[in-house]
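Enquirer: Contents of final35.pdb (PDB, C-alpha atoms):
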MODEL        1
ATOM      1  CA  MET W   1     -92.424 -45.593 -10.217
ATOM      2  CA  MET W   2     -88.938 -46.394 -11.471
ATOM      3  CA  GLU W   3     -85.914 -45.461  -9.373
ATOM      4  CA  ARG W   4     -82.246 -45.694 -10.285
ATOM      5  CA  ASP W   5     -80.354 -48.078  -8.030
ATOM      6  CA  ASP W   6     -77.016 -47.961  -9.859
ATOM      7  CA  TRP W   7     -76.016 -44.433  -8.898
ATOM      8  CA  GLN W   8     -75.022 -43.237  -5.453
ATOM      9  CA  PHE W   9     -72.965 -40.509  -3.870
ATOM     10  CA  PRO W  10     -70.001 -41.605  -1.711
ATOM     11  CA  TRP W  11     -70.793 -42.883   1.769
ATOM     12  CA  SER W  12     -69.525 -41.201   4.914
ATOM     13  CA  HIS W  13     -70.006 -41.930   8.603
ATOM     14  CA  GLY W  14     -69.694 -40.288  11.993
ATOM     15  CA  TRP W  15     -70.934 -36.815  11.103
ATOM     16  CA  PRO W  16     -71.640 -34.338  13.880
ATOM     17  CA  GLU W  17     -75.238 -33.151  14.228
ATOM     18  CA  ILE W  18     -76.902 -29.817  14.860
ATOM     19  CA  ASP W  19     -80.318 -28.752  16.155
ATOM     20  CA  ARG W  20     -82.644 -25.913  15.177
ATOM     21  CA  ALA W  21     -81.013 -23.362  17.481
ATOM     22  CA  GLY W  22     -77.614 -24.240  16.047
ATOM     23  CA  MET W  23     -78.787 -23.804  12.465
ATOM     24  CA  ILE W  24     -80.369 -20.449  13.289
ATOM     25  CA  GLU W  25     -76.959 -19.373  14.582
ATOM     26  CA  VAL W  26     -75.229 -20.731  11.468
ATOM     27  CA  ASP W  27     -77.554 -18.745   9.222
ATOM     28  CA  ARG W  28     -77.089 -15.602  11.331
ATOM     29  CA  ARG W  29     -73.298 -15.807  11.204
ATOM     30  CA  MET W  30     -73.200 -16.645   7.494
ATOM     31  CA  VAL W  31     -75.009 -13.395   6.737
ATOM     32  CA  GLY W  32     -73.758 -11.158   9.539
ATOM     33  CA  SER W  33     -70.126 -12.272   9.897
ATOM     34  CA  TYR W  34     -69.193 -13.533   6.445
ATOM     35  CA  GLY W  35     -71.497 -11.634   4.109
ATOM     36  CA  ILE W  36     -72.868 -14.765   2.432
ATOM     37  CA  ALA W  37     -76.466 -13.901   1.686
ATOM     38  CA  LEU W  38     -79.488 -16.100   2.239
ATOM     39  CA  GLU W  39     -80.068 -16.081  -1.526
ATOM     40  CA  LYS W  40     -76.674 -17.726  -2.092
ATOM     41  CA  MET W  41     -77.285 -20.468   0.473
ATOM     42  CA  MET W  42     -80.767 -21.047  -0.958
ATOM     43  CA  GLU W  43     -79.357 -21.318  -4.464
ATOM     44  CA  ASN W  44     -76.784 -23.860  -3.282
ATOM     45  CA  ALA W  45     -79.437 -25.908  -1.483
ATOM     46  CA  GLY W  46     -81.802 -25.892  -4.455
ATOM     47  CA  ARG W  47     -79.084 -26.808  -6.926
ATOM     48  CA  ALA W  48     -78.066 -29.781  -4.769
ATOM     49  CA  LEU W  49     -81.690 -30.884  -4.422
ATOM     50  CA  ALA W  50     -82.177 -30.735  -8.190
ATOM     51  CA  THR W  51     -78.928 -32.635  -8.769
ATOM     52  CA  LEU W  52     -79.908 -35.471  -6.452
ATOM     53  CA  ALA W  53     -83.436 -35.564  -7.885
ATOM     54  CA  TRP W  54     -82.145 -35.727 -11.434
ATOM     55  CA  ARG W  55     -79.406 -38.297 -10.943
ATOM     56  CA  ARG W  56     -81.215 -40.708  -8.661
ATOM     57  CA  TRP W  57     -84.727 -40.559 -10.133
ATOM     58  CA  LEU W  58     -85.440 -38.310 -13.092
ATOM     59  CA  ALA W  59     -82.601 -39.127 -15.498
ATOM     60  CA  ALA W  60     -84.087 -42.596 -16.001
ATOM     61  CA  HIS W  61     -87.191 -41.094 -17.642
ATOM     62  CA  GLY W  62     -87.376 -39.827 -21.193
ATOM     63  CA  ALA W  63     -89.770 -37.043 -20.225
ATOM     64  CA  PRO W  64     -89.330 -36.662 -16.459
ATOM     65  CA  ARG W  65     -91.961 -34.942 -14.345
ATOM     66  CA  ALA W  66     -91.664 -33.577 -10.828
ATOM     67  CA  THR W  67     -94.174 -32.096  -8.412
ATOM     68  CA  VAL W  68     -92.609 -29.509  -6.112
ATOM     69  CA  LEU W  69     -94.340 -28.831  -2.783
ATOM     70  CA  ALA W  70     -93.118 -25.504  -1.434
ATOM     71  CA  GLY W  71     -93.746 -23.673   1.804
ATOM     72  CA  SER W  72     -93.536 -19.944   2.421
ATOM     73  CA  GLY W  73     -90.084 -19.842   4.057
ATOM     74  CA  GLY W  74     -86.507 -20.778   3.282
ATOM     75  CA  ASN W  75     -87.242 -24.469   2.788
ATOM     76  CA  GLY W  76     -89.835 -23.594   0.185
ATOM     77  CA  GLY W  77     -87.390 -21.215  -1.460
ATOM     78  CA  GLY W  78     -84.822 -23.987  -1.851
ATOM     79  CA  ALA W  79     -87.456 -26.241  -3.405
ATOM     80  CA  LEU W  80     -88.393 -23.466  -5.842
ATOM     81  CA  VAL W  81     -84.730 -23.105  -6.851
ATOM     82  CA  ALA W  82     -84.722 -26.850  -7.536
ATOM     83  CA  ALA W  83     -87.890 -26.463  -9.620
ATOM     84  CA  ARG W  84     -86.207 -23.797 -11.749
ATOM     85  CA  ARG W  85     -83.109 -25.931 -12.226
ATOM     86  CA  LEU W  86     -85.092 -29.035 -13.154
ATOM     87  CA  ALA W  87     -87.202 -27.086 -15.622
ATOM     88  CA  ALA W  88     -84.032 -25.724 -17.230
ATOM     89  CA  TRP W  89     -82.761 -29.307 -17.544
ATOM     90  CA  GLY W  90     -85.885 -30.349 -19.428
ATOM     91  CA  ALA W  91     -88.132 -31.779 -16.727
ATOM     92  CA  GLY W  92     -91.823 -31.025 -16.543
ATOM     93  CA  VAL W  93     -92.341 -29.201 -13.258
ATOM     94  CA  GLU W  94     -95.526 -28.586 -11.284
ATOM     95  CA  ILE W  95     -95.434 -26.238  -8.279
ATOM     96  CA  VAL W  96     -97.872 -26.458  -5.371
ATOM     97  CA  LEU W  97     -97.670 -23.894  -2.560
ATOM     98  CA  SER W  98     -98.757 -24.526   1.023
ATOM     99  CA  ARG W  99     -99.847 -20.888   1.372
ATOM    100  CA  PRO W 100    -100.952 -18.176  -1.089
ATOM    101  CA  ALA W 101     -98.123 -16.672  -3.132
ATOM    102  CA  ALA W 102     -98.639 -13.343  -1.376
ATOM    103  CA  ALA W 103     -97.667 -14.990   1.933
ATOM    104  CA  LEU W 104     -94.199 -16.049   0.763
ATOM    105  CA  ALA W 105     -91.198 -14.460   2.451
ATOM    106  CA  PRO W 106     -89.281 -12.045   0.173
ATOM    107  CA  VAL W 107     -86.504 -14.397  -0.959
ATOM    108  CA  PRO W 108     -88.790 -17.368  -1.808
ATOM    109  CA  ALA W 109     -91.155 -14.881  -3.469
ATOM    110  CA  ALA W 110     -88.323 -13.802  -5.773
ATOM    111  CA  GLN W 111     -87.678 -17.446  -6.658
ATOM    112  CA  LEU W 112     -91.344 -17.920  -7.497
ATOM    113  CA  ALA W 113     -91.304 -14.790  -9.660
ATOM    114  CA  SER W 114     -88.485 -16.306 -11.737
ATOM    115  CA  LEU W 115     -90.530 -19.448 -12.284
ATOM    116  CA  VAL W 116     -93.628 -17.496 -13.251
ATOM    117  CA  ALA W 117     -91.512 -15.562 -15.762
ATOM    118  CA  MET W 118     -90.527 -18.962 -17.218
ATOM    119  CA  GLY W 119     -94.205 -19.799 -17.616
ATOM    120  CA  ILE W 120     -94.419 -22.065 -14.564
ATOM    121  CA  ALA W 121     -97.162 -20.791 -12.272
ATOM    122  CA  PRO W 122     -98.249 -22.604  -9.104
ATOM    123  CA  VAL W 123    -101.367 -24.773  -9.177
ATOM    124  CA  ASP W 124    -103.855 -25.180  -6.348
ATOM    125  CA  VAL W 125    -104.299 -28.950  -6.610
ATOM    126  CA  PRO W 126    -101.414 -31.330  -7.362
ATOM    127  CA  GLY W 127    -101.842 -33.510 -10.396
ATOM    128  CA  GLU W 128    -101.012 -37.164 -10.949
ATOM    129  CA  GLY W 129     -98.297 -38.982 -12.842
ATOM    130  CA  ALA W 130     -95.151 -37.301 -11.497
ATOM    131  CA  ASP W 131     -91.976 -39.372 -11.292
ATOM    132  CA  LEU W 132     -90.850 -37.619  -8.104
ATOM    133  CA  ILE W 133     -92.230 -35.308  -5.430
ATOM    134  CA  LEU W 134     -89.930 -32.710  -3.863
ATOM    135  CA  ASP W 135     -90.866 -31.869  -0.281
ATOM    136  CA  GLY W 136     -89.996 -28.278   0.562
ATOM    137  CA  LEU W 137     -93.024 -27.547   2.730
ATOM    138  CA  VAL W 138     -91.352 -26.800   6.067
ATOM    139  CA  GLY W 139     -87.791 -27.240   7.283
ATOM    140  CA  TYR W 140     -86.021 -26.864  10.608
ATOM    141  CA  SER W 141     -88.294 -23.979  11.622
ATOM    142  CA  LEU W 142     -91.318 -26.218  12.237
ATOM    143  CA  ALA W 143     -93.263 -25.098  15.310
ATOM    144  CA  GLY W 144     -96.139 -27.359  16.291
ATOM    145  CA  ALA W 145     -97.752 -30.144  14.319
ATOM    146  CA  PRO W 146     -98.652 -29.478  10.669
ATOM    147  CA  ASP W 147    -102.325 -28.732  10.142
ATOM    148  CA  GLY W 148    -104.687 -27.345   7.526
ATOM    149  CA  ARG W 149    -103.431 -27.266   3.946
ATOM    150  CA  LEU W 150     -99.924 -28.220   5.067
ATOM    151  CA  ALA W 151    -101.159 -31.447   6.646
ATOM    152  CA  GLY W 152    -103.338 -32.082   3.607
ATOM    153  CA  LEU W 153    -100.389 -31.830   1.216
ATOM    154  CA  ILE W 154     -98.340 -34.163   3.418
ATOM    155  CA  ALA W 155    -101.172 -36.705   3.374
ATOM    156  CA  TRP W 156    -101.560 -36.361  -0.397
ATOM    157  CA  ALA W 157     -97.842 -36.911  -1.018
ATOM    158  CA  ASN W 158     -97.705 -39.963   1.233
ATOM    159  CA  ALA W 159    -100.749 -41.520  -0.449
ATOM    160  CA  SER W 160     -99.555 -40.794  -3.995
ATOM    161  CA  GLY W 161     -97.276 -43.815  -4.345
ATOM    162  CA  THR W 162     -94.619 -41.483  -5.834
ATOM    163  CA  PRO W 163     -91.090 -41.327  -4.347
ATOM    164  CA  ILE W 164     -90.577 -38.260  -2.173
ATOM    165  CA  LEU W 165     -87.280 -36.411  -1.793
ATOM    166  CA  ALA W 166     -87.300 -34.096   1.251
ATOM    167  CA  LEU W 167     -85.176 -30.969   1.597
ATOM    168  CA  ASP W 168     -83.210 -30.637   4.866
ATOM    169  CA  VAL W 169     -85.780 -32.561   6.960
ATOM    170  CA  PRO W 170     -89.031 -34.328   6.083
ATOM    171  CA  SER W 171     -91.909 -31.914   6.670
ATOM    172  CA  GLY W 172     -93.256 -32.751  10.129
ATOM    173  CA  PHE W 173     -89.812 -33.360  11.682
ATOM    174  CA  ASP W 174     -89.107 -31.135  14.699
ATOM    175  CA  ALA W 175     -85.444 -30.125  14.531
ATOM    176  CA  ALA W 176     -85.603 -28.704  18.054
ATOM    177  CA  THR W 177     -86.448 -32.066  19.622
ATOM    178  CA  GLY W 178     -85.485 -34.646  16.994
ATOM    179  CA  ARG W 179     -89.024 -35.990  17.099
ATOM    180  CA  VAL W 180     -91.752 -36.262  14.497
ATOM    181  CA  ALA W 181     -95.319 -35.004  14.374
ATOM    182  CA  ALA W 182     -98.300 -37.248  13.712
ATOM    183  CA  SER W 183     -98.408 -35.744  10.219
ATOM    184  CA  ILE W 184     -95.009 -36.216   8.554
ATOM    185  CA  ILE W 185     -93.678 -36.854   5.074
ATOM    186  CA  ALA W 186     -92.580 -40.432   4.456
ATOM    187  CA  ALA W 187     -89.555 -39.726   2.282
ATOM    188  CA  ALA W 188     -87.613 -42.117   0.096
ATOM    189  CA  ALA W 189     -84.629 -39.865   0.795
ATOM    190  CA  THR W 190     -83.768 -36.661   2.621
ATOM    191  CA  LEU W 191     -81.115 -34.173   1.548
ATOM    192  CA  THR W 192     -80.088 -32.373   4.738
ATOM    193  CA  LEU W 193     -78.076 -29.157   4.592
ATOM    194  CA  ALA W 194     -74.711 -28.152   6.102
ATOM    195  CA  LEU W 195     -74.937 -30.677   8.957
ATOM    196  CA  PRO W 196     -77.388 -33.495   9.747
ATOM    197  CA  LYS W 197     -80.195 -32.304  11.977
ATOM    198  CA  ARG W 198     -80.212 -34.012  15.356
ATOM    199  CA  GLY W 199     -82.428 -37.098  15.238
ATOM    200  CA  LEU W 200     -82.407 -37.742  11.495
ATOM    201  CA  SER W 201     -80.100 -40.735  11.925
ATOM    202  CA  ASP W 202     -82.392 -42.407  14.493
ATOM    203  CA  PRO W 203     -83.262 -45.847  13.056
ATOM    204  CA  ALA W 204     -86.796 -45.430  14.373
ATOM    205  CA  LEU W 205     -87.288 -42.514  11.965
ATOM    206  CA  ARG W 206     -86.109 -44.327   8.855
ATOM    207  CA  ARG W 207     -89.695 -44.539   7.578
ATOM    208  CA  ALA W 208     -89.822 -40.738   7.451
ATOM    209  CA  VAL W 209     -86.231 -39.889   6.512
ATOM    210  CA  GLY W 210     -85.404 -42.643   4.030
ATOM    211  CA  ASP W 211     -81.841 -42.578   2.692
ATOM    212  CA  LEU W 212     -79.929 -39.647   4.168
ATOM    213  CA  TYR W 213     -77.746 -37.307   2.107
ATOM    214  CA  LEU W 214     -75.756 -34.261   3.190
ATOM    215  CA  SER W 215     -75.196 -31.180   1.036
ATOM    216  CA  ASP W 216     -72.538 -28.472   1.202
ATOM    217  CA  ILE W 217     -74.259 -25.070   1.041
ATOM    218  CA  SER W 218     -70.975 -23.121   1.470
ATOM    219  CA  VAL W 219     -70.927 -22.854   5.280
ATOM    220  CA  LEU W 220     -67.333 -21.955   6.124
ATOM    221  CA  PRO W 221     -65.122 -24.185   8.318
ATOM    222  CA  GLN W 222     -64.281 -21.173  10.495
ATOM    223  CA  LEU W 223     -67.944 -20.773  11.330
ATOM    224  CA  PHE W 224     -68.377 -24.390  12.406
ATOM    225  CA  SER W 225     -65.249 -24.288  14.554
ATOM    226  CA  GLY W 226     -66.512 -21.145  16.270
ATOM    227  CA  LEU W 227     -69.776 -22.680  17.429
ATOM    228  CA  ALA W 228     -70.281 -24.000  20.947
ATOM    229  CA  GLY W 229     -68.663 -27.412  21.033
ATOM    230  CA  PRO W 230     -66.919 -26.648  18.700
ATOM    231  CA  ILE W 231     -68.209 -28.628  15.726
ATOM    232  CA  ARG W 232     -65.722 -30.350  13.451
ATOM    233  CA  PRO W 233     -66.636 -29.175   9.948
ATOM    234  CA  PRO W 234     -67.588 -31.706   7.295
ATOM    235  CA  ALA W 235     -64.833 -32.524   4.786
ATOM    236  CA  PHE W 236     -66.696 -32.513   1.479
ATOM    237  CA  ARG W 237     -63.419 -32.230  -0.504
ATOM    238  CA  GLY W 238     -64.785 -31.729  -3.973
ATOM    239  CA  GLU W 239     -68.168 -33.348  -3.419
ATOM    240  CA  ASP W 240     -71.189 -31.110  -2.932
ATOM    241  CA  ILE W 241     -73.347 -34.048  -1.814
ATOM    242  CA  LEU W 242     -72.489 -37.094   0.291
ATOM    243  CA  ARG W 243     -74.641 -40.058   1.212
ATOM    244  CA  ILE W 244     -74.356 -40.533   4.966
ATOM    245  CA  GLY W 245     -77.113 -42.980   5.869
TER     246      GLY W 245
ENDMDL
END
Would it be possible to restate this file's structure as structure tokens?

Expert:
Amino acid sequence: MMERDDWQFPWSHGWPEIDRAGMIEVDRRMVGSYGIALEKMMENAGRALATLAWRRWLAAHGAPRATVLAGSGGNGGGALVAARRLAAWGAGVEIVLSRPAAALAPVPAAQLASLVAMGIAPVDVPGEGADLILDGLVGYSLAGAPDGRLAGLIAWANASGTPILALDVPSGFDAATGRVAASIIAAAATLTLALPKRGLSDPALRRAVGDLYLSDISVLPQLFSGLAGPIRPPAFRGEDILRIG
């Protein structure tokens, strides 16, 4: 599979990190204190994922194809936003869900409904020949090791030989501990959201994380500074996405 090496986002170093409990608090305050809905943050995350996918991998192909692996929660919703964006930009998109469509949370379900209205329905078995796989199976909410269909999709992606771009964390990464499960995506790159999740920069996890990017999903500086710590907010300054590792 061909990958563009001549295009990169700016580098940055020394970013603060956050764990699962911290991100749960960020999400709670975004909605409860600032009125920025989950749908807006999901749209921002999915747009950034599509942008990175397109510029680093898919733009090099005349008829690009992407397989989108989506879970039932927020991480899956962001991947489905990316699928919609990529389809609108002319890519062939295949969607594979880790659980039945009826099991999706309300916001991801609405994203899937938009795709179905575009004529893009999920398939049960992923096909071959994609130029990129988007991993949106499970994000910072992972509890326990992946099993069942989730583990099967992780194994399929890793064995495919296709580059994998993970959203927020590679599926199988435990954001509460910074450790990885036995079953984990081996990503070529990870686009983490708002702040790097604690442990992603560990050199020992490079095989799972790949190149590390950070995306602005509109978390306000006041929110970061109000967290325990406090946390110095990232200075994106006109860039929605930064390469940080």

Enquirer: At a cut-off of 8 Å, using only C-alpha atoms, what residues contact Ala48 in chain W? Leave out same-chain residues fewer than 3 positions from it and give the result as a PyMOL selection string.

Expert: chain W and resi 44-45+51-52+82+215+240-241

Enquirer: Now that the selection is made, can you save its residues with C-alpha atoms as a PDB file, in the frame of the given file?

Expert:
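Written file, again31.pdb:
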ATOM      1  CA  ASN W  44     -76.784 -23.860  -3.282  1.00  0.00           C
ATOM      2  CA  ALA W  45     -79.437 -25.908  -1.483  1.00  0.00           C
ATOM      3  CA  THR W  51     -78.928 -32.635  -8.769  1.00  0.00           C
ATOM      4  CA  LEU W  52     -79.908 -35.471  -6.452  1.00  0.00           C
ATOM      5  CA  ALA W  82     -84.722 -26.850  -7.536  1.00  0.00           C
ATOM      6  CA  SER W 215     -75.196 -31.180   1.036  1.00  0.00           C
ATOM      7  CA  ASP W 240     -71.189 -31.110  -2.932  1.00  0.00           C
ATOM      8  CA  ILE W 241     -73.347 -34.048  -1.814  1.00  0.00           C
TER       9      ILE W 241
END

Enquirer: With the file shown as input, list the residues that the PyMOL selection byres ((chain W and resi 96) around 9) selects, as number ranges by chain.

Expert: W: 67-71, 94-95, 97-99, 121-126, 153

Enquirer: Using the chain letters and residue numbers of this document, give as a PyMOL selection string the residues selected by the PyMOL selection byres ((chain W and resi 37-42) around 12).

Expert: chain W and resi 24+26-36+43-49+73-82+105-111+136+167-168+193-194+215-220

Enquirer: As an exercise, work out the distance from CA of Ser114 in chain W to CA of Pro64 in chain W in Å and give it to one decimal place.

Expert: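 Distance reported for this atom pair: 20.9 Å.
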
Enquirer: Output the residue selection produced by the PyMOL selection byres ((chain W and resi 197-209) around 9) on the file above, formatted as a ChimeraX atom specification.

Expert: /W:16-20,23,140,166,168-170,173-180,184-190,192-193,195-196,210-212,245

Enquirer: For Ala130 in chain W, list every protein, DNA or RNA residue within 12 Å, evaluated using only C-alpha atoms, and leave out those in the same chain fewer than 6 positions away; present the list as a compact mmCIF listing (two decimals) with C-alpha atoms, in the coordinates of the input.

Expert:
# COMPACT_ATOMS: atom_id res chain seq x y z
CA MET W 1 -92.42 -45.59 -10.22
CA MET W 2 -88.94 -46.39 -11.47
CA TRP W 57 -84.73 -40.56 -10.13
CA LEU W 58 -85.44 -38.31 -13.09
CA HIS W 61 -87.19 -41.09 -17.64
CA ALA W 63 -89.77 -37.04 -20.23
CA PRO W 64 -89.33 -36.66 -16.46
CA ARG W 65 -91.96 -34.94 -14.34
CA ALA W 66 -91.66 -33.58 -10.83
CA THR W 67 -94.17 -32.10 -8.41
CA VAL W 68 -92.61 -29.51 -6.11
CA ALA W 91 -88.13 -31.78 -16.73
CA GLY W 92 -91.82 -31.02 -16.54
CA VAL W 93 -92.34 -29.20 -13.26
CA GLU W 94 -95.53 -28.59 -11.28
CA ILE W 95 -95.43 -26.24 -8.28
CA ALA W 157 -97.84 -36.91 -1.02
CA SER W 160 -99.56 -40.79 -4.00
CA GLY W 161 -97.28 -43.82 -4.34
CA THR W 162 -94.62 -41.48 -5.83
CA PRO W 163 -91.09 -41.33 -4.35
CA ILE W 164 -90.58 -38.26 -2.17

Enquirer: For the atom pair CA of Asp135 in chain W and CA of Leu104 in chain W, what is the interatomic distance in Å to one decimal place?

Expert: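 Distance reported for this atom pair: 16.2 Å.
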